[in-house]
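First the structure, in the form of structure tokens, and then the observations on it.
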Amino acid sequence: MVIEKRHSITLDEINAFQFECKKCRVKTIIPVTSDVQPTGVCRHCGATWFAPMPQIVGVVQMALSNFIEAVTTIASHSKEIGCIFSVEIKGEEDGEGT
Ligand SMILES: [Zn+2]
């Protein structure tokens, strides 16, 4: 028997957006209530997160900005819409039993 665990969160449960630098592993955390936008550059070590693909920097930054705006907009109107929107996230490894 396969036991499947599902984990989901609603958008209003999101407190912040987190960006972990792959070079120095420092995390930049931007609260959802903040107007700060991701810069694409690590504030700790200065690593450029989208190099060596400068042609997609604008596309990725625009997508991130749109994503953050979408999440905050949906979350702020969650009580007024007729469904509960959530996203499913990966949890612990699925267990097997007998
Ligand atoms: Zn860094």
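Residue names in the structure tokens use chain letters A, B, ... in the order shown, residue numbers from 1 in each chain, and ligand numbers from 1 in the order shown.
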Do a neighbour search on His44 of chain A at 9 Å with only C-alpha atoms, toss out local chain neighbours closer than 5 positions, and write the hits as a ChimeraX atom specification.
/A:21,24,26-28
Quick one: pick out all strand (DSSP E or B) residues within chain A from a backbone DSSP run and write them as JSON, numbers by chain.
{"A": [2, 3, 7, 8, 9, 10, 16, 17, 18, 19, 20, 27, 28, 29, 30, 31, 41, 48, 86, 87, 88, 89, 95, 96]}
So that I can check the secondary structure, give me every residue of chain A assigned alpha helix (DSSP H) by backbone DSSP, as an MDAnalysis selection string.
chainID A and resid 57:76
Take the residues just selected and output them with C-alpha atoms as a compact mmCIF listing (two decimals), in the first residue's frame.
```
# COMPACT_ATOMS: atom_id res chain seq x y z
CA VAL A 57 17.42 38.74 -16.55
CA GLY A 58 14.58 41.07 -17.49
CA VAL A 59 12.23 38.19 -18.23
CA VAL A 60 12.94 36.45 -14.93
CA GLN A 61 12.76 39.63 -12.87
CA MET A 62 9.46 40.57 -14.53
CA ALA A 63 8.11 37.08 -13.87
CA LEU A 64 9.17 37.30 -10.21
CA SER A 65 7.55 40.71 -9.83
CA ASN A 66 4.35 39.47 -11.49
CA PHE A 67 4.33 36.34 -9.33
CA ILE A 68 4.76 38.33 -6.12
CA GLU A 69 2.07 40.79 -7.17
CA ALA A 70 -0.30 37.95 -8.10
CA VAL A 71 0.21 36.16 -4.78
CA THR A 72 -0.32 39.30 -2.72
CA THR A 73 -3.38 40.35 -4.75
CA ILE A 74 -5.07 36.95 -4.49
CA ALA A 75 -4.21 36.65 -0.79
CA SER A 76 -5.57 40.11 0.02
```
Which distance in Å separates atom CA of Phe85 of chain A and atom CA of Glu13 of chain A, to one decimal?
11.1 Å
As a list in words, please: the residues near segment 5-8 of chain A (cut-off 7 Å, only C-alpha atoms, same-chain neighbours under 2 positions excluded).
Ile3, Thr10, Ser86, Val87, Glu88, Ile89, Lys90, Gly91 and Asp94 of chain A
